[in-house]
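Student: Structure: protein_25.txt, compact mmCIF, C-alpha atoms and all ligand atoms.
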```txt
# COMPACT_ATOMS: atom_id res chain seq x y z
CA MET A 1 114.88 97.65 97.51
CA ARG A 2 111.97 98.45 99.73
CA VAL A 3 109.99 101.67 99.66
CA LEU A 4 107.33 103.04 102.00
CA VAL A 5 104.77 105.40 100.47
CA VAL A 6 103.13 107.66 103.07
CA GLU A 7 100.14 109.22 101.33
CA ASP A 8 96.59 109.74 102.61
CA ASN A 9 95.09 109.80 99.14
CA ASN A 10 94.47 106.08 98.92
CA ARG A 11 94.15 106.05 95.15
CA LEU A 12 97.38 107.97 94.59
CA GLY A 13 99.22 105.82 97.14
CA ARG A 14 98.12 102.59 95.42
CA LEU A 15 98.99 104.03 92.01
CA ILE A 16 102.53 104.90 93.11
CA ALA A 17 102.94 101.54 94.83
CA SER A 18 101.82 99.49 91.83
CA GLY A 19 104.00 101.60 89.50
CA LEU A 20 107.04 100.99 91.68
CA GLN A 21 106.22 97.29 92.16
CA ARG A 22 106.18 96.86 88.38
CA ARG A 23 109.70 98.27 88.43
CA GLY A 24 110.84 95.66 90.93
CA TYR A 25 110.57 97.53 94.22
CA ALA A 26 108.90 96.07 97.28
CA CYS A 27 106.43 98.74 98.23
CA ASP A 28 104.10 99.38 101.17
CA VAL A 29 101.55 102.14 101.60
CA ALA A 30 100.79 103.97 104.86
CA LEU A 31 97.77 106.27 104.91
CA CYS A 32 98.89 108.33 107.91
CA LEU A 33 101.91 108.88 110.13
CA ARG A 34 100.72 106.33 112.66
CA GLU A 35 100.63 103.64 109.97
CA ALA A 36 104.06 104.78 108.78
CA GLU A 37 105.46 104.32 112.30
CA THR A 38 103.97 100.83 112.50
CA ALA A 39 105.30 99.87 109.07
CA MET A 40 108.78 101.09 109.99
CA TYR A 41 108.70 99.10 113.19
CA GLY A 42 107.99 95.89 111.29
CA ALA A 43 110.29 96.38 108.29
CA THR A 44 113.37 98.21 107.09
CA TYR A 45 112.97 100.60 104.19
CA ASP A 46 115.48 102.00 101.71
CA ALA A 47 113.42 105.08 100.95
CA ILE A 48 110.28 106.89 102.05
CA ILE A 49 107.98 108.75 99.69
CA LEU A 50 106.33 111.25 102.00
CA ASP A 51 103.25 113.40 101.50
CA LEU A 52 103.23 116.62 103.53
CA GLY A 53 99.59 117.05 104.51
CA LEU A 54 98.52 113.92 106.41
CA PRO A 55 95.43 113.39 108.57
CA ASP A 56 97.34 112.91 111.81
CA GLY A 57 100.13 115.42 111.32
CA ASP A 58 102.54 117.27 109.12
CA GLY A 59 104.93 115.09 107.11
CA LYS A 60 107.67 117.67 107.39
CA GLU A 61 107.48 117.91 111.19
CA TRP A 62 107.47 114.12 111.42
CA LEU A 63 110.55 113.86 109.23
CA ILE A 64 112.41 116.42 111.35
CA ALA A 65 111.49 114.56 114.55
CA ARG A 66 112.44 111.14 113.19
CA ARG A 67 115.72 112.37 111.76
CA LYS A 68 116.66 113.76 115.16
CA SER A 69 115.80 110.67 117.15
CA ARG A 70 116.88 107.71 115.02
CA ASP A 71 117.90 106.25 111.73
CA MET A 72 115.75 107.32 108.85
CA PRO A 73 116.07 106.22 105.24
CA PRO A 74 116.26 108.87 102.50
CA ALA A 75 112.98 110.60 101.84
CA ILE A 76 111.36 112.09 98.75
CA MET A 77 108.70 114.61 99.68
CA LEU A 78 105.50 114.90 97.69
CA THR A 79 103.57 118.07 97.76
CA ALA A 80 100.88 119.96 95.94
CA ARG A 81 102.81 123.12 96.70
CA GLY A 82 105.66 123.87 94.38
CA GLY A 83 106.75 127.30 95.59
CA LEU A 84 110.42 127.95 96.19
CA GLU A 85 109.83 128.47 99.90
CA ASP A 86 108.14 125.04 100.23
CA ARG A 87 110.95 123.35 98.38
CA VAL A 88 113.57 124.98 100.58
CA THR A 89 111.81 124.19 103.88
CA GLY A 90 111.20 120.62 102.67
CA LEU A 91 114.88 120.12 101.96
CA ASP A 92 115.83 121.85 105.21
CA ALA A 93 113.58 119.41 107.07
CA GLY A 94 115.83 116.61 105.84
CA ALA A 95 114.12 115.52 102.64
CA ASP A 96 116.60 114.24 100.08
CA ASP A 97 114.45 115.20 97.15
CA TYR A 98 111.22 116.91 96.37
CA MET A 99 108.43 116.27 93.86
CA VAL A 100 105.42 118.40 93.07
CA LYS A 101 102.08 116.68 92.40
CA PRO A 102 100.81 115.41 90.03
CA VAL A 103 103.43 112.69 90.27
CA GLU A 104 104.71 110.95 87.14
CA ILE A 105 105.74 107.41 88.11
CA GLU A 106 108.49 107.43 85.51
CA GLU A 107 110.04 110.53 87.07
CA LEU A 108 109.61 109.23 90.60
CA ALA A 109 111.35 105.98 89.63
CA ALA A 110 114.21 107.97 88.09
CA ARG A 111 114.58 110.02 91.28
CA LEU A 112 114.63 106.86 93.37
CA ARG A 113 117.34 105.44 91.15
CA ALA A 114 119.34 108.64 91.62
CA LEU A 115 118.85 108.39 95.38
CA PHE A 116 120.05 104.78 95.43
CA ARG A 117 123.16 105.62 93.42
CA ARG A 118 124.38 107.56 96.43
CA PRO A 119 126.65 105.58 98.71
CA GLY A 120 125.01 104.01 101.72
CA PRO A 121 123.86 100.67 103.08
CA ARG A 122 121.13 98.86 101.16
CA THR A 123 118.47 96.57 102.46
CA PRO A 124 118.37 93.35 100.48
CA THR A 125 114.85 92.27 99.51
CA THR A 126 115.71 88.75 100.66
CA ILE A 127 115.88 88.00 104.35
CA GLU A 128 116.90 84.76 106.02
CA ALA A 129 116.12 82.99 109.25
CA GLY A 130 117.43 79.49 109.74
CA ARG A 131 116.62 77.47 106.61
CA LEU A 132 113.95 79.90 105.56
CA GLN A 133 114.49 82.57 102.90
CA LEU A 134 111.88 85.21 102.14
CA ASP A 135 111.89 87.59 99.18
CA VAL A 136 109.76 90.48 100.42
CA ALA A 137 109.48 91.97 96.90
CA SER A 138 107.91 88.91 95.26
CA ARG A 139 106.37 87.57 98.52
CA THR A 140 107.86 84.15 97.90
CA ALA A 141 109.79 82.09 100.37
CA ARG A 142 111.89 79.00 100.04
CA ILE A 143 113.08 76.22 102.25
CA GLY A 144 115.75 74.36 100.36
CA GLU A 145 114.18 73.56 97.01
CA THR A 146 110.59 74.11 98.10
CA GLU A 147 109.01 77.42 97.12
CA MET A 148 105.98 79.04 98.71
CA ASP A 149 103.81 81.95 97.64
CA PHE A 150 102.24 84.22 100.20
CA SER A 151 99.52 86.81 100.33
CA ARG A 152 100.56 90.31 101.38
CA ARG A 153 99.40 89.71 104.96
CA GLU A 154 101.09 86.32 105.24
CA SER A 155 104.30 87.75 103.86
CA ASP A 156 104.18 90.70 106.29
CA LEU A 157 103.59 88.33 109.19
CA LEU A 158 106.41 86.03 108.17
CA GLU A 159 108.78 88.96 107.67
CA LEU A 160 107.99 90.35 111.12
CA LEU A 161 108.62 86.96 112.73
CA MET A 162 111.79 86.36 110.69
CA ARG A 163 113.27 89.76 111.57
CA ARG A 164 112.77 88.92 115.23
CA ALA A 165 113.55 85.22 114.91
CA GLY A 166 114.41 83.64 118.25
CA THR A 167 112.52 86.30 120.21
CA VAL A 168 108.87 86.45 121.19
CA VAL A 169 106.78 88.85 119.11
CA HIS A 170 103.82 90.09 121.11
CA ARG A 171 100.33 89.54 119.77
CA GLU A 172 99.53 93.29 119.81
CA VAL A 173 102.67 94.04 117.81
CA ILE A 174 101.54 91.56 115.16
CA GLU A 175 98.04 92.98 115.18
CA ASN A 176 99.33 96.53 114.71
CA ALA A 177 101.66 95.46 111.95
CA LEU A 178 99.07 93.49 109.98
CA TYR A 179 95.93 95.55 110.31
CA SER A 180 95.40 99.26 109.91
CA TYR A 181 93.42 100.92 112.66
CA ARG A 182 90.44 101.36 110.33
CA GLU A 183 90.09 97.64 109.83
CA PRO A 184 87.82 95.77 112.21
CA VAL A 185 89.95 93.02 113.74
CA THR A 186 88.22 89.98 115.18
CA PRO A 187 89.65 88.69 118.49
CA ASN A 188 91.20 85.62 116.88
CA ALA A 189 92.39 87.24 113.63
CA VAL A 190 96.08 87.07 114.56
CA GLU A 191 95.73 83.50 115.79
CA ALA A 192 94.04 82.52 112.52
CA ALA A 193 96.72 84.25 110.42
CA VAL A 194 99.47 82.52 112.40
CA SER A 195 97.74 79.14 111.97
CA ARG A 196 97.53 79.59 108.19
CA LEU A 197 101.17 80.57 108.04
CA ARG A 198 102.19 77.65 110.25
CA ARG A 199 100.31 75.22 107.99
CA LYS A 200 102.04 76.59 104.88
CA LEU A 201 105.44 76.31 106.52
CA GLU A 202 104.72 72.76 107.67
CA ASP A 203 103.50 71.78 104.20
CA ALA A 204 106.85 72.99 102.91
CA GLY A 205 108.69 70.87 105.47
CA LEU A 206 109.38 73.41 108.21
CA THR A 207 107.69 71.79 111.17
CA GLY A 208 107.78 72.98 114.77
CA ALA A 209 109.42 76.30 113.96
CA LEU A 210 106.54 78.67 114.64
CA HIS A 211 105.92 78.56 118.37
CA THR A 212 102.91 79.83 120.29
CA ILE A 213 103.92 81.47 123.55
CA ARG A 214 100.66 81.17 125.40
CA GLY A 215 99.12 84.47 126.49
CA ILE A 216 102.00 86.50 125.02
CA GLY A 217 102.62 85.98 121.35
CA TYR A 218 104.60 83.97 118.82
CA MET A 219 108.16 83.11 118.05
CA LEU A 220 109.90 81.74 115.00
CA ARG A 221 112.81 79.49 115.81
CA ASP A 222 114.13 76.98 113.36
CA ASN A 223 116.41 74.51 115.03
CA GLY A 224 117.66 73.28 111.70
CA THR A 225 118.14 69.87 110.09
CA CA B 1 97.72 114.67 101.67
```
Using structure tokens, write down the structure that the file contains.
Ligand code: CA
Tutor:
Amino acid sequence: MRVLVVEDNNRLGRLIASGLQRRGYACDVALCLREAETAMYGATYDAIILDLGLPDGDGKEWLIARRKSRDMPPAIMLTARGGLEDRVTGLDAGADDYMVKPVEIEELAARLRALFRRPGPRTPTTIEAGRLQLDVASRTARIGETEMDFSRRESDLLELLMRRAGTVVHREVIENALYSYREPVTPNAVEAAVSRLRRKLEDAGLTGALHTIRGIGYMLRDNGT
């Protein structure tokens, strides 16, 4: 199960994420709606924990807009406001559940479990491309019997390439997916990250699978054997 926490209070976001990770969820944090959009482009989530007041917009308006235009996983809204009116408008906006801050991780986990008991498709935490298997929750991958551990960034990069295996992923897409807009990104950061990933894959026996498409981006294609 994979959860996206959209919360501009960095400390609270990290706290929720680590609490959920300890309970076996794969968890990412977005500090604003723009980061949430980027995260959702690069990965598929089973649930969104959504703060209402965000620096680049209103969580409720965003949820309404996203629900109208495309698939959206179930959402639990977080808010400092607990009035009846807020709860009702939150649920009307398409939230599946509602929690008033301060958030107790134990309760949030219980509400997620309740959400996941409802029928609906689930996203497995393991994805596959060719001979490569990646567990996005533990950030470990395997090729046959060989296991690899990845940092968060390496795992995000590999996941993005695996989900689009066989197609070219543009450099800017990778940059947006790996780095938040507040982070200074050096011109060759993506290239360096891809090189590190390629070396790890080759060390594990997967050679020639991560292709550089000069001037455009990168592509993962494992021709097998
Ligand atoms: Ca907020």
Student: Would you list the residues that come within 7 Å of ligand CA 1 (chain B)? Count all atoms listed in the file and give the answer as a PyMOL selection string.
Tutor: chain A and resi 7-9+51-54
Student: As a VMD selection string, please: the residues near Thr167 (chain A) (cut-off 9 Å, all atoms listed in the file, same-chain neighbours under 4 positions excluded).
Tutor: chain A and resid 161 218 to 221
Student: Grab the residues selected above and save them as a PDB file, in the coordinates of the input with C-alpha atoms.
Tutor:
```pdb
ATOM      1  CA  LEU A 161     108.620  86.960 112.730  1.00  0.00           C
ATOM      2  CA  TYR A 218     104.600  83.970 118.820  1.00  0.00           C
ATOM      3  CA  MET A 219     108.160  83.110 118.050  1.00  0.00           C
ATOM      4  CA  LEU A 220     109.900  81.740 115.000  1.00  0.00           C
ATOM      5  CA  ARG A 221     112.810  79.490 115.810  1.00  0.00           C
TER       6      ARG A 221
END
```
Student: Using only C-alpha atoms - which residues lie no farther than 12 Å from the point (97.8, 77.3, 112.0) in the file's frame? Write them as a list in words.
Tutor: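 Protein, DNA and RNA residues close to (97.8, 77.3, 112.0): Glu154, Asn188, Ala189, Val190, Glu191, Ala192, Ala193, Val194, Ser195, Arg196, Leu197, Arg198, Arg199, Lys200, Leu201, Glu202, Asp203, Thr207, Gly208, Ala209, Leu210, His211, Thr212 and Tyr218 of chain A.
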Student: What gap, in Å, lies between CA of Leu84 (chain A) and CA of Phe116 (chain A)?
Tutor: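 Computing it gives 25.1 Å between the two atoms.
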Student: Would you compute, for all listed atoms of region 95-114 of chain A, the axis-aligned bounding box grown by 8 Å on each side, and then report its centre and edge lengths in Å rounded to one decimal, as JSON?
Tutor:
```
{"center_x": 110.1, "center_y": 111.9, "center_z": 94.1, "size_x": 34.5, "size_y": 29.0, "size_z": 33.1}
```
Student: Would you kindly return, as a CSV table (one decimal) with C-alpha atoms, in the frame of the given file, each protein, DNA or RNA residue with an atom no farther than 6 Å from any atom of Asp46 (chain A), considering only C-alpha atoms and excluding same-chain residues fewer than 5 positions away?
Tutor:
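Below is the file selection.csv, written as the result:
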```
chain,number,residue,atom,x,y,z
A,2,ARG,CA,112.0,98.4,99.7
A,3,VAL,CA,110.0,101.7,99.7
A,73,PRO,CA,116.1,106.2,105.2
```
Student: Rounded to one decimal place, report the CA of Ala129 (chain A)-CA of Ile216 (chain A) distance in Å.
Tutor: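 Result for CA of Ala129 (chain A) versus CA of Ile216 (chain A): 21.5 Å, one decimal.
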Student: How far is it from CA of Val88 (chain A) to CA of Ala110 (chain A), in Å with one decimal?
Tutor: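 Pair CA of Val88 (chain A) / CA of Ala110 (chain A) returns 21.1 Å.
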Student: Using only C-alpha atoms, find the one residue out of A:Asp96, A:Leu33, A:Leu160, A:Ile127 that sits nearest to Ala47 (chain A).
Tutor: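 So, comparing all the options, the nearest one is A:Asp96.
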Student: Compare A:Ala65, A:Val168, A:Met72, A:Met77 by their minimum atom-to-atom distance to Arg111 (chain A), counting all atoms listed in the file, and give me the closest one.
Tutor: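 Smallest distance to Arg111 (chain A) is found for A:Met77.
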Student: Counting all atoms listed in the file, what is within 8 Å of Gly13 (chain A), bar same-chain residues fewer than 6 positions away, as number ranges by chain?
Tutor: A: 5-7, 29, 31
